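Asks: File work31.json follows (JSON, C-alpha atoms):
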```json
[["chain", "number", "residue", "atom", "x", "y", "z"],
["O", 1, "MET", "CA", 127.46, 41.84, -133.07],
["O", 2, "LYS", "CA", 128.87, 41.89, -136.57],
["O", 3, "ASN", "CA", 126.55, 43.85, -138.81],
["O", 4, "ASP", "CA", 127.78, 44.41, -142.32],
["O", 5, "TYR", "CA", 124.66, 43.09, -143.97],
["O", 6, "PHE", "CA", 122.23, 44.75, -146.33],
["O", 7, "ILE", "CA", 118.61, 44.63, -147.34],
["O", 8, "GLN", "CA", 118.47, 43.62, -150.99],
["O", 9, "ASP", "CA", 114.79, 44.15, -151.73],
["O", 10, "TYR", "CA", 111.52, 44.57, -149.87],
["O", 11, "CYS", "CA", 107.91, 43.88, -150.77],
["O", 12, "HIS", "CA", 104.69, 45.27, -149.35],
["O", 13, "ILE", "CA", 101.17, 43.89, -149.69],
["O", 14, "LYS", "CA", 98.55, 46.16, -148.14],
["O", 15, "ASP", "CA", 95.60, 48.38, -149.08],
["O", 16, "ASN", "CA", 94.81, 46.34, -152.20],
["O", 17, "SER", "CA", 98.26, 46.78, -153.69],
["O", 18, "VAL", "CA", 101.55, 44.92, -154.13],
["O", 19, "SER", "CA", 104.79, 46.87, -154.30],
["O", 20, "LEU", "CA", 108.48, 46.05, -154.64],
["O", 21, "ASN", "CA", 111.11, 48.46, -153.27],
["O", 22, "GLY", "CA", 108.43, 51.14, -152.96],
["O", 23, "THR", "CA", 107.23, 50.82, -156.55],
["O", 24, "GLN", "CA", 103.67, 49.65, -157.01],
["O", 25, "LEU", "CA", 103.48, 46.54, -159.22],
["O", 26, "PHE", "CA", 99.80, 45.73, -158.89],
["O", 27, "THR", "CA", 96.68, 47.29, -157.45],
["O", 28, "GLN", "CA", 92.98, 46.58, -157.54],
["O", 29, "GLU", "CA", 90.51, 49.04, -156.11],
["O", 30, "SER", "CA", 87.27, 48.31, -154.26],
["O", 31, "THR", "CA", 87.54, 44.61, -153.67],
["O", 32, "ASP", "CA", 87.83, 42.27, -150.72],
["O", 33, "PHE", "CA", 91.02, 40.40, -149.81],
["O", 34, "ASN", "CA", 90.00, 37.12, -151.45],
["O", 35, "ALA", "CA", 89.32, 38.73, -154.82],
["O", 36, "PHE", "CA", 92.39, 40.95, -154.53],
["O", 37, "ILE", "CA", 94.86, 38.17, -153.77],
["O", 38, "LYS", "CA", 93.42, 35.97, -156.55],
["O", 39, "SER", "CA", 93.82, 38.85, -159.02],
["O", 40, "ALA", "CA", 97.40, 39.37, -157.81],
["O", 41, "TYR", "CA", 98.10, 35.65, -158.36],
["O", 42, "GLN", "CA", 96.81, 35.96, -161.91],
["O", 43, "HIS", "CA", 98.57, 39.27, -162.57],
["O", 44, "PHE", "CA", 101.97, 37.79, -161.69],
["O", 45, "ASN", "CA", 101.33, 34.63, -163.77],
["O", 46, "THR", "CA", 102.05, 32.57, -160.67],
["O", 47, "ASP", "CA", 100.91, 29.22, -162.13],
["O", 48, "TYR", "CA", 100.81, 27.17, -158.91],
["O", 49, "PRO", "CA", 97.45, 25.34, -158.56],
["O", 50, "LYS", "CA", 98.10, 24.50, -154.89],
["O", 51, "PHE", "CA", 97.80, 28.24, -154.18],
["O", 52, "PHE", "CA", 94.01, 27.92, -154.20],
["O", 53, "LYS", "CA", 94.12, 25.37, -151.39],
["O", 54, "MET", "CA", 96.01, 27.70, -149.04],
["O", 55, "ASP", "CA", 94.50, 29.82, -146.29],
["O", 56, "ARG", "CA", 94.56, 33.60, -146.56],
["O", 57, "LEU", "CA", 97.75, 34.06, -144.50],
["O", 58, "SER", "CA", 99.65, 31.59, -146.66],
["O", 59, "LYS", "CA", 98.31, 33.07, -149.89],
["O", 60, "MET", "CA", 99.56, 36.52, -148.93],
["O", 61, "ALA", "CA", 102.95, 35.32, -147.66],
["O", 62, "PHE", "CA", 103.33, 33.16, -150.77],
["O", 63, "ILE", "CA", 102.65, 36.03, -153.21],
["O", 64, "ALA", "CA", 104.94, 38.43, -151.29],
["O", 65, "ALA", "CA", 107.79, 35.90, -151.29],
["O", 66, "ASP", "CA", 107.20, 35.07, -154.95],
["O", 67, "VAL", "CA", 107.34, 38.73, -155.98],
["O", 68, "LEU", "CA", 110.54, 39.25, -153.95],
["O", 69, "LEU", "CA", 112.38, 36.14, -155.04],
["O", 70, "LYS", "CA", 111.38, 36.31, -158.72],
["O", 71, "ASN", "CA", 111.97, 40.03, -159.21],
["O", 72, "GLY", "CA", 114.63, 40.83, -156.62],
["O", 73, "GLN", "CA", 118.42, 40.92, -156.84],
["O", 74, "HIS", "CA", 119.16, 37.67, -155.02],
["O", 75, "SER", "CA", 120.95, 34.92, -156.96],
["O", 76, "ILE", "CA", 119.92, 31.28, -157.21],
["O", 77, "GLU", "CA", 123.09, 30.34, -155.25],
["O", 78, "GLU", "CA", 121.96, 32.53, -152.34],
["O", 79, "SER", "CA", 118.54, 30.89, -152.35],
["O", 80, "GLN", "CA", 120.18, 27.54, -151.68],
["O", 81, "ASN", "CA", 120.81, 28.54, -148.08],
["O", 82, "MET", "CA", 118.13, 31.14, -147.42],
["O", 83, "ALA", "CA", 116.54, 31.14, -143.96],
["O", 84, "VAL", "CA", 112.96, 32.30, -143.45],
["O", 85, "VAL", "CA", 112.01, 34.36, -140.37],
["O", 86, "LEU", "CA", 108.46, 35.64, -140.28],
["O", 87, "SER", "CA", 106.29, 37.28, -137.65],
["O", 88, "ASN", "CA", 102.80, 38.64, -137.08],
["O", 89, "ARG", "CA", 100.23, 39.65, -134.49],
["O", 90, "ALA", "CA", 97.20, 37.44, -135.17],
["O", 91, "SER", "CA", 99.05, 34.12, -135.54],
["O", 92, "SER", "CA", 96.66, 31.83, -137.50],
["O", 93, "LEU", "CA", 93.54, 33.30, -135.87],
["O", 94, "ASP", "CA", 91.88, 33.98, -139.22],
["O", 95, "THR", "CA", 91.87, 30.25, -140.01],
["O", 96, "ASP", "CA", 91.38, 29.17, -136.38],
["O", 97, "ARG", "CA", 88.00, 30.95, -136.42],
["O", 98, "LYS", "CA", 87.00, 29.17, -139.62],
["O", 99, "HIS", "CA", 87.91, 25.83, -138.06],
["O", 100, "GLN", "CA", 86.03, 26.72, -134.86],
["O", 101, "GLU", "CA", 82.86, 27.45, -136.86],
["O", 102, "SER", "CA", 82.98, 23.94, -138.32],
["O", 103, "ILE", "CA", 83.08, 22.27, -134.89],
["O", 104, "ASN", "CA", 80.74, 24.51, -132.86],
["O", 105, "ASP", "CA", 77.64, 22.44, -133.52],
["O", 106, "GLN", "CA", 77.87, 18.87, -132.17],
["O", 107, "ASP", "CA", 75.02, 17.82, -134.48],
["O", 108, "ASN", "CA", 76.78, 19.21, -137.52],
["O", 109, "TYR", "CA", 80.37, 18.38, -136.66],
["O", 110, "TYR", "CA", 82.43, 18.21, -139.83],
["O", 111, "PRO", "CA", 85.88, 19.77, -139.35],
["O", 112, "SER", "CA", 87.66, 20.22, -142.64],
["O", 113, "PRO", "CA", 91.14, 18.63, -142.79],
["O", 114, "ALA", "CA", 92.11, 21.16, -145.46],
["O", 115, "VAL", "CA", 91.26, 24.04, -143.10],
["O", 116, "PHE", "CA", 92.73, 22.38, -140.01],
["O", 117, "VAL", "CA", 96.20, 22.01, -141.53],
["O", 118, "TYR", "CA", 96.47, 25.81, -141.67],
["O", 119, "THR", "CA", 95.73, 26.37, -137.98],
["O", 120, "LEU", "CA", 99.39, 27.18, -137.34],
["O", 121, "PRO", "CA", 101.03, 30.39, -138.58],
["O", 122, "ASN", "CA", 104.30, 28.79, -139.67],
["O", 123, "ILE", "CA", 102.55, 26.70, -142.33],
["O", 124, "CYS", "CA", 102.99, 29.71, -144.62],
["O", 125, "ILE", "CA", 106.76, 29.26, -144.27],
["O", 126, "GLY", "CA", 106.30, 25.68, -145.45],
["O", 127, "GLU", "CA", 104.40, 26.85, -148.52],
["O", 128, "ILE", "CA", 107.16, 29.35, -149.40],
["O", 129, "SER", "CA", 109.85, 26.74, -148.78],
["O", 130, "ILE", "CA", 108.18, 24.14, -151.00],
["O", 131, "ARG", "CA", 107.76, 26.65, -153.82],
["O", 132, "HIS", "CA", 111.35, 27.94, -153.68],
["O", 133, "LYS", "CA", 113.01, 24.71, -152.53],
["O", 134, "LEU", "CA", 114.35, 26.23, -149.31],
["O", 135, "HIS", "CA", 115.75, 23.71, -146.80],
["O", 136, "SER", "CA", 117.39, 25.96, -144.22],
["O", 137, "GLU", "CA", 116.48, 27.46, -140.83],
["O", 138, "ASN", "CA", 113.03, 28.93, -140.27],
["O", 139, "SER", "CA", 111.10, 30.52, -137.44],
["O", 140, "PHE", "CA", 107.79, 32.27, -136.90],
["O", 141, "PHE", "CA", 107.31, 34.78, -134.07],
["O", 142, "ILE", "CA", 104.19, 36.40, -132.62],
["O", 143, "PHE", "CA", 104.39, 40.04, -131.47],
["O", 144, "ASP", "CA", 101.88, 42.76, -130.58],
["O", 145, "GLN", "CA", 103.25, 44.82, -133.43],
["O", 146, "PHE", "CA", 105.99, 44.85, -136.07],
["O", 147, "ASN", "CA", 109.26, 44.26, -134.21],
["O", 148, "ALA", "CA", 112.24, 45.51, -136.24],
["O", 149, "ASP", "CA", 114.59, 45.00, -133.32],
["O", 150, "HIS", "CA", 113.90, 41.28, -133.01],
["O", 151, "LEU", "CA", 114.00, 40.62, -136.76],
["O", 152, "TRP", "CA", 117.31, 42.51, -137.00],
["O", 153, "HIS", "CA", 118.87, 40.54, -134.13],
["O", 154, "TYR", "CA", 117.61, 37.17, -135.27],
["O", 155, "SER", "CA", 118.62, 37.51, -138.92],
["O", 156, "ASN", "CA", 122.05, 38.87, -137.94],
["O", 157, "SER", "CA", 122.51, 35.92, -135.63],
["O", 158, "LEU", "CA", 121.66, 33.43, -138.41],
["O", 159, "LEU", "CA", 124.09, 35.12, -140.80],
["O", 160, "ASN", "CA", 126.89, 35.57, -138.24],
["O", 161, "THR", "CA", 126.76, 31.93, -137.19],
["O", 162, "TYR", "CA", 126.70, 30.74, -140.83],
["O", 163, "LYS", "CA", 123.30, 29.13, -140.39],
["O", 164, "ALA", "CA", 122.23, 30.93, -143.57],
["O", 165, "ASP", "CA", 123.72, 32.96, -146.43],
["O", 166, "SER", "CA", 120.63, 35.15, -146.68],
["O", 167, "VAL", "CA", 117.39, 35.62, -144.78],
["O", 168, "LEU", "CA", 113.87, 36.17, -146.06],
["O", 169, "CYS", "CA", 112.18, 37.92, -143.18],
["O", 170, "GLY", "CA", 109.36, 40.24, -142.20],
["O", 171, "TRP", "CA", 105.73, 40.52, -141.18],
["O", 172, "VAL", "CA", 102.64, 38.74, -142.55],
["O", 173, "ASP", "CA", 99.40, 39.39, -140.71],
["O", 174, "VAL", "CA", 95.78, 38.59, -141.63],
["O", 175, "ASP", "CA", 92.88, 39.13, -139.26],
["O", 176, "GLN", "CA", 89.35, 39.37, -140.66],
["O", 177, "ASP", "CA", 89.32, 42.35, -143.07],
["O", 178, "LYS", "CA", 92.81, 43.57, -142.09],
["O", 179, "TYR", "CA", 95.90, 42.30, -143.86],
["O", 180, "GLU", "CA", 99.48, 43.39, -144.32],
["O", 181, "ALA", "CA", 102.70, 41.82, -145.58],
["O", 182, "PHE", "CA", 106.18, 43.32, -145.45],
["O", 183, "LEU", "CA", 108.94, 40.93, -146.49],
["O", 184, "TYR", "CA", 112.58, 41.70, -147.21],
["O", 185, "VAL", "CA", 115.78, 39.83, -148.03],
["O", 186, "VAL", "CA", 118.91, 40.33, -145.92],
["O", 187, "SER", "CA", 122.28, 39.38, -147.38],
["O", 188, "SER", "CA", 125.92, 40.45, -147.59],
["O", 189, "LYS", "CA", 125.09, 42.85, -150.40],
["O", 190, "GLY", "CA", 122.16, 45.07, -151.19],
["O", 191, "SER", "CA", 120.82, 48.57, -151.67],
["O", 192, "TYR", "CA", 119.76, 49.42, -148.13],
["O", 193, "GLU", "CA", 121.65, 49.22, -144.84],
["O", 194, "HIS", "CA", 120.46, 46.51, -142.50],
["O", 195, "ASN", "CA", 119.74, 48.24, -139.21],
["O", 196, "LYS", "CA", 116.67, 48.76, -137.04],
["O", 197, "GLU", "CA", 116.02, 52.30, -138.22],
["O", 198, "GLU", "CA", 116.16, 51.34, -141.89],
["O", 199, "ILE", "CA", 113.97, 48.27, -141.40],
["O", 200, "THR", "CA", 111.40, 50.47, -139.65],
["O", 201, "ARG", "CA", 111.65, 53.15, -142.33],
["O", 202, "LEU", "CA", 111.07, 50.62, -145.14],
["O", 203, "TYR", "CA", 108.22, 49.01, -143.21],
["O", 204, "LEU", "CA", 106.51, 52.40, -142.95],
["O", 205, "THR", "CA", 107.09, 53.22, -146.64],
["O", 206, "LYS", "CA", 103.79, 53.65, -148.46],
["B", 1, "MET", "CA", 74.22, 7.35, -161.81],
["B", 2, "SER", "CA", 75.23, 9.95, -164.40],
["B", 3, "GLU", "CA", 73.56, 12.65, -162.30],
["B", 4, "LEU", "CA", 75.53, 11.50, -159.28],
["B", 5, "LYS", "CA", 78.78, 11.54, -161.26],
["B", 6, "GLN", "CA", 78.08, 15.10, -162.42],
["B", 7, "GLU", "CA", 77.30, 16.09, -158.83],
["B", 8, "LEU", "CA", 80.54, 14.50, -157.60],
["B", 9, "LYS", "CA", 82.62, 16.34, -160.18],
["B", 10, "GLU", "CA", 81.09, 19.65, -159.09],
["B", 11, "LYS", "CA", 81.64, 18.87, -155.40],
["B", 12, "ILE", "CA", 85.24, 17.76, -155.96],
["B", 13, "ILE", "CA", 86.07, 21.01, -157.77],
["B", 14, "GLU", "CA", 84.34, 23.18, -155.21],
["B", 15, "GLN", "CA", 85.41, 21.47, -152.00],
["B", 16, "LEU", "CA", 89.00, 20.77, -153.06],
["B", 17, "ASN", "CA", 89.44, 24.28, -154.51],
["B", 18, "LEU", "CA", 90.45, 23.08, -157.98],
["B", 19, "GLU", "CA", 90.09, 26.56, -159.46],
["B", 20, "ASP", "CA", 91.74, 25.71, -162.76],
["B", 21, "VAL", "CA", 89.70, 22.55, -163.47],
["B", 22, "ALA", "CA", 86.31, 22.50, -165.25],
["B", 23, "VAL", "CA", 83.65, 19.82, -164.75],
["B", 24, "ASP", "CA", 83.85, 18.64, -168.36],
["B", 25, "GLU", "CA", 87.62, 18.16, -168.04],
["B", 26, "ILE", "CA", 87.11, 15.33, -165.53],
["B", 27, "GLN", "CA", 86.37, 12.04, -167.26],
["B", 28, "ASP", "CA", 84.50, 9.37, -165.30],
["B", 29, "ASN", "CA", 87.49, 7.02, -165.23],
["B", 30, "ASP", "CA", 90.28, 9.57, -164.80],
["B", 31, "PRO", "CA", 92.47, 8.75, -161.79],
["B", 32, "LEU", "CA", 91.81, 11.27, -159.02],
["B", 33, "PHE", "CA", 95.26, 10.91, -157.46],
["B", 34, "GLY", "CA", 98.74, 10.87, -158.99],
["B", 35, "GLU", "CA", 98.73, 11.38, -162.74],
["B", 36, "GLY", "CA", 95.08, 12.38, -162.95],
["B", 37, "LEU", "CA", 93.74, 15.32, -160.97],
["B", 38, "GLY", "CA", 96.82, 15.25, -158.76],
["B", 39, "LEU", "CA", 94.95, 15.17, -155.46],
["B", 40, "ASP", "CA", 96.98, 14.72, -152.26],
["B", 41, "SER", "CA", 96.53, 13.09, -148.86],
["B", 42, "ILE", "CA", 94.67, 16.08, -147.38],
["B", 43, "ASP", "CA", 92.28, 15.93, -150.34],
["B", 44, "ALA", "CA", 91.68, 12.25, -149.55],
["B", 45, "LEU", "CA", 90.66, 13.23, -146.01],
["B", 46, "GLU", "CA", 88.34, 15.90, -147.42],
["B", 47, "LEU", "CA", 86.68, 13.26, -149.62],
["B", 48, "ILE", "CA", 86.16, 11.03, -146.56],
["B", 49, "VAL", "CA", 84.45, 13.95, -144.77],
["B", 50, "MET", "CA", 82.34, 14.59, -147.89],
["B", 51, "LEU", "CA", 81.13, 10.97, -147.97],
["B", 52, "ASP", "CA", 80.04, 11.28, -144.34],
["B", 53, "LYS", "CA", 78.49, 14.75, -144.54],
["B", 54, "ASP", "CA", 76.69, 14.51, -147.89],
["B", 55, "TYR", "CA", 75.91, 10.80, -148.23],
["B", 56, "GLY", "CA", 75.92, 9.46, -144.66],
["B", 57, "ILE", "CA", 78.77, 7.04, -145.33],
["B", 58, "LYS", "CA", 81.37, 6.58, -142.61],
["B", 59, "LEU", "CA", 84.58, 4.86, -143.66],
["B", 60, "ALA", "CA", 85.74, 2.78, -140.70],
["B", 61, "ASP", "CA", 89.13, 2.19, -142.31],
["B", 62, "PRO", "CA", 90.64, 5.13, -144.22],
["B", 63, "LYS", "CA", 92.60, 2.60, -146.32],
["B", 64, "GLU", "CA", 89.30, 1.67, -147.94],
["B", 65, "GLY", "CA", 89.48, 5.05, -149.62],
["B", 66, "ARG", "CA", 92.25, 3.91, -151.93],
["B", 67, "LYS", "CA", 89.82, 1.77, -153.98],
["B", 68, "ILE", "CA", 86.79, 4.00, -153.55],
["B", 69, "PHE", "CA", 88.57, 7.18, -154.64],
["B", 70, "GLU", "CA", 90.24, 5.74, -157.72],
["B", 71, "SER", "CA", 87.94, 7.72, -160.01],
["B", 72, "VAL", "CA", 84.57, 9.47, -160.13],
["B", 73, "GLN", "CA", 83.17, 6.19, -161.52],
["B", 74, "THR", "CA", 84.30, 4.12, -158.50],
["B", 75, "MET", "CA", 83.15, 6.81, -156.07],
["B", 76, "ALA", "CA", 79.69, 6.98, -157.63],
["B", 77, "LYS", "CA", 79.32, 3.20, -157.57],
["B", 78, "TYR", "CA", 80.32, 2.99, -153.90],
["B", 79, "ILE", "CA", 77.99, 5.84, -152.92],
["B", 80, "GLU", "CA", 75.01, 4.29, -154.78],
["B", 81, "GLU", "CA", 75.54, 1.01, -152.93],
["B", 82, "ASN", "CA", 76.13, 2.47, -149.46],
["B", 83, "ARG", "CA", 74.44, 5.84, -149.10],
["B", 84, "SER", "CA", 72.04, 6.53, -146.24],
["B", 85, "ARG", "CA", 71.02, 10.00, -147.38]]
```
Can you turn what I pasted into structure tokens?
Replies:
Amino acid sequence: MKNDYFIQDYCHIKDNSVSLNGTQLFTQESTDFNAFIKSAYQHFNTDYPKFFKMDRLSKMAFIAADVLLKNGQHSIEESQNMAVVLSNRASSLDTDRKHQESINDQDNYYPSPAVFVYTLPNICIGEISIRHKLHSENSFFIFDQFNADHLWHYSNSLLNTYKADSVLCGWVDVDQDKYEAFLYVVSSKGSYEHNKEEITRLYLTK
Amino acid sequence: MSELKQELKEKIIEQLNLEDVAVDEIQDNDPLFGEGLGLDSIDALELIVMLDKDYGIKLADPKEGRKIFESVQTMAKYIEENRSR
């Protein structure tokens, strides 16, 4: 398989901090996820009122993509045909539980439409696509753990078959008090080689 | 009626997660959808659930919502006339 692609930039959200290419951009100590992600939204002057309607998975994916695409090296032309390939372990379980709680009691049965619409993991791709006007290929995969091999194969395939000029891909996982995002952009130019070892190394970067 | 309108404004902000809107920024006759608060179709469904849960009003036809949810004023009037709790 042709593989002369590169990773342009990568973004981590974990342990109450947001970083780009290994450099911490924002951190907030001793707080829960909800307060942390709201502070991150404010810190980056995100200005997108619909953010507050999203579930926790979408909020985290949205901020990670925003940080990458606003501060990274990619050009506006590349964004025109940028595919999105995301993955995680918990799917939309965090929101599924919230929905389940609202329908457990038959005498108090009021499911929230605003919660229900987030009971699929790929909704976060929709939120990113609306924000950045992406109209190209997208997929969401569920794995037991971060799968560099699959992401590498799938993004190479999209680029080799001209389905996309660049790929926003990675891992976004939220499950109760655990959360982690690792997103990166693959393109024909960039600072890091695009191979399984490098993807894994960047994923494990603190 | 004015108490109910105040209550509705607070509920709308809380239940629709309008974090950047304050109660006193919503005028009684402001349109809730489109140019006004900018609510969307999912918000409309949330308002239908709110009518049922908090005021015991079941809308048989969701299209009725278009008139009822024009503004806080129209919502309050409809609730006063139809509430069972």
Asks: Ser58 of chain O: which residues within 8 Å, counting all atoms listed in the file, same-chain residues fewer than 6 positions away excluded, as a list in words?
Replies: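 Using all atoms listed in the file, the neighbours found are Ile123, Cys124, Ile125 and Glu127 of chain O.
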Asks: Taking all atoms of segment 103-122 of chain O that appear in the file, build a box with edges along x, y and z, extend it by 5 Å on every side, and state its centre and edge lengths in Å to one decimal, as JSON.
Replies:
```
{"center_x": 89.7, "center_y": 24.1, "center_z": -138.8, "size_x": 39.3, "size_y": 22.6, "size_z": 23.3}
```
Asks: Kindly give the distance, in Å, that separates atom CA of Lys14 of chain O and atom CA of Lys189 of chain O, rounded to a single decimal.
Replies: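 Atom CA of Lys189 of chain O lies 26.8 Å from atom CA of Lys14 of chain O.
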Asks: So that I can see what lies close to segment 77-82 of chain B, please list as a PyMOL selection string the residues with an atom at most 9 Å from it, counting all atoms listed in the file and leaving out residues fewer than 5 positions away in the same chain.
Replies: chain B and resi 1+4+51+55-57+68+72
Asks: Per residue of segment 19-89 of chain O within 8 Å of segment 167-182 of chain O, what are the shortest atom pair and its distance in Å to one decimal, counting all atoms listed in the file, with rows by chain and residue number, as a Markdown table?
Replies:
```
| residue | atom | partner | partner_atom | distance |
| --- | --- | --- | --- | --- |
| O:Asp32 | CA | O:Asp177 | CA | 7.8 |
| O:Phe33 | CA | O:Asp177 | CA | 7.2 |
| O:Arg56 | CA | O:Val174 | CA | 7.1 |
| O:Leu57 | CA | O:Val174 | CA | 5.7 |
| O:Met60 | CA | O:Ala181 | CA | 7.0 |
| O:Ala61 | CA | O:Val172 | CA | 6.2 |
| O:Ala64 | CA | O:Ala181 | CA | 7.0 |
| O:Met82 | CA | O:Val167 | CA | 5.3 |
| O:Ala83 | CA | O:Val167 | CA | 4.6 |
| O:Val84 | CA | O:Leu168 | CA | 4.8 |
| O:Val85 | CA | O:Cys169 | CA | 4.5 |
| O:Leu86 | CA | O:Gly170 | CA | 5.1 |
| O:Ser87 | CA | O:Trp171 | CA | 4.8 |
| O:Asn88 | CA | O:Asp173 | CA | 5.0 |
| O:Arg89 | CA | O:Asp173 | CA | 6.3 |
```
Asks: Could you dump the residues just selected with C-alpha atoms as a PDB file, in the frame of the given file?
Replies:
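The result, stored in part06.pdb:
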```pdb
ATOM      1  CA  ASP O  32      87.830  42.270-150.720  1.00  0.00           C
ATOM      2  CA  PHE O  33      91.020  40.400-149.810  1.00  0.00           C
ATOM      3  CA  ARG O  56      94.560  33.600-146.560  1.00  0.00           C
ATOM      4  CA  LEU O  57      97.750  34.060-144.500  1.00  0.00           C
ATOM      5  CA  MET O  60      99.560  36.520-148.930  1.00  0.00           C
ATOM      6  CA  ALA O  61     102.950  35.320-147.660  1.00  0.00           C
ATOM      7  CA  ALA O  64     104.940  38.430-151.290  1.00  0.00           C
ATOM      8  CA  MET O  82     118.130  31.140-147.420  1.00  0.00           C
ATOM      9  CA  ALA O  83     116.540  31.140-143.960  1.00  0.00           C
ATOM     10  CA  VAL O  84     112.960  32.300-143.450  1.00  0.00           C
ATOM     11  CA  VAL O  85     112.010  34.360-140.370  1.00  0.00           C
ATOM     12  CA  LEU O  86     108.460  35.640-140.280  1.00  0.00           C
ATOM     13  CA  SER O  87     106.290  37.280-137.650  1.00  0.00           C
ATOM     14  CA  ASN O  88     102.800  38.640-137.080  1.00  0.00           C
ATOM     15  CA  ARG O  89     100.230  39.650-134.490  1.00  0.00           C
TER      16      ARG O  89
END
```
Asks: Which of these, O:Asn147, O:Ser112, O:Gln24, O:Thr31, has the shortest distance to Thr95 of chain O once you count all atoms listed in the file?
Replies: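 Between O:Asn147, O:Ser112, O:Gln24, O:Thr31, the residue approaching Thr95 of chain O most closely is O:Ser112.
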Asks: Do you have, as CSV, the list of residues of chain O lying at most 7 Å from chain B, each with its nearest atom pair and that distance in Å to one decimal, counting all atoms listed in the file and ordered by chain then number?
Replies:
```
residue,atom,partner,partner_atom,distance
O:Phe52,CA,B:Asn17,CA,5.9
O:Lys53,CA,B:Asn17,CA,5.7
O:Tyr110,CA,B:Val49,CA,6.8
O:Ser112,CA,B:Glu46,CA,6.5
O:Pro113,CA,B:Glu46,CA,6.1
O:Ala114,CA,B:Ile42,CA,6.0
```
Asks: For Thr119 of chain O, find every residue with an atom within 9 Å (counting only C-alpha atoms), except residues of its own chain fewer than 3 positions away, and show them as a list of chain:residue names.
Replies: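 Once the adjacent positions are removed, what remains is O:Ser91, O:Ser92, O:Leu93, O:Asp94, O:Thr95, O:Asp96, O:His99, O:Val115, O:Phe116, O:Ile123.
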Asks: Interatomic distance between atom CA of Ile128 of chain O and atom CA of Cys11 of chain O?
Replies: 14.6 Å
Asks: Taking (117.5, 25.6, -141.5) as a centre in this file's frame and 8 Å as the limit, can you find every polymer residue with an atom that close, using only C-alpha atoms, and give them as a ChimeraX atom specification?
Replies: /O:81,83,135-138,163-164
Asks: Keeping only C-alpha atoms, take the residues you just selected and write them out as an mmCIF file, in the coordinates of the input.
Replies:
```cif
data_model
loop_
_atom_site.group_PDB
_atom_site.id
_atom_site.type_symbol
_atom_site.label_atom_id
_atom_site.label_comp_id
_atom_site.auth_asym_id
_atom_site.auth_seq_id
_atom_site.Cartn_x
_atom_site.Cartn_y
_atom_site.Cartn_z
ATOM 1 C CA ASN O 81 120.810 28.540 -148.080
ATOM 2 C CA ALA O 83 116.540 31.140 -143.960
ATOM 3 C CA HIS O 135 115.750 23.710 -146.800
ATOM 4 C CA SER O 136 117.390 25.960 -144.220
ATOM 5 C CA GLU O 137 116.480 27.460 -140.830
ATOM 6 C CA ASN O 138 113.030 28.930 -140.270
ATOM 7 C CA LYS O 163 123.300 29.130 -140.390
ATOM 8 C CA ALA O 164 122.230 30.930 -143.570
#
```
Asks: Could you check the closest approach to His150 of chain O for each of O:Asp105, O:Glu193, O:Thr200, O:Arg131 and tell me which residue wins, using only C-alpha atoms?
Replies: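 Looking at the shortest contact to His150 of chain O, the residue is O:Thr200.
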Asks: In Å to one decimal, how far is atom CA of Asp66 of chain O from atom CA of Lys38 of chain O?
Replies: 13.9 Å
Asks: As a ChimeraX atom specification, please: the residues near Leu68 of chain O (cut-off 8 Å, all atoms listed in the file, same-chain neighbours under 4 positions excluded).
Replies: /O:9-11,20,64,72,183-185
Asks: Check the smallest atom-to-atom distance from each of O:Val67, O:Gln73, O:Gln42, O:Asp55 to Leu25 of chain O using all atoms listed in the file, then report the winner.
Replies: O:Val67
Asks: Between B:Arg66, B:Glu3, B:Gln73, B:Ala60, which has the minimum distance to Phe33 of chain B (counting all atoms listed in the file)?
Replies: B:Arg66
Asks: Can you work out which one of O:Ile13, O:Thr205, O:Pro49, O:Leu159 has the shortest atom-to-atom distance to Ile37 of chain O, counting all atoms listed in the file?
Replies: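 So, comparing all the options, the nearest one is O:Ile13.
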Asks: Just checking: using only C-alpha atoms, which residue out of B:Lys58, B:Lys5, B:Lys67, B:Arg83 ends up closest to Asp28 of chain B?
Replies: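 Looking only at the distances to Asp28 of chain B, the closest residue turns out to be B:Lys5.
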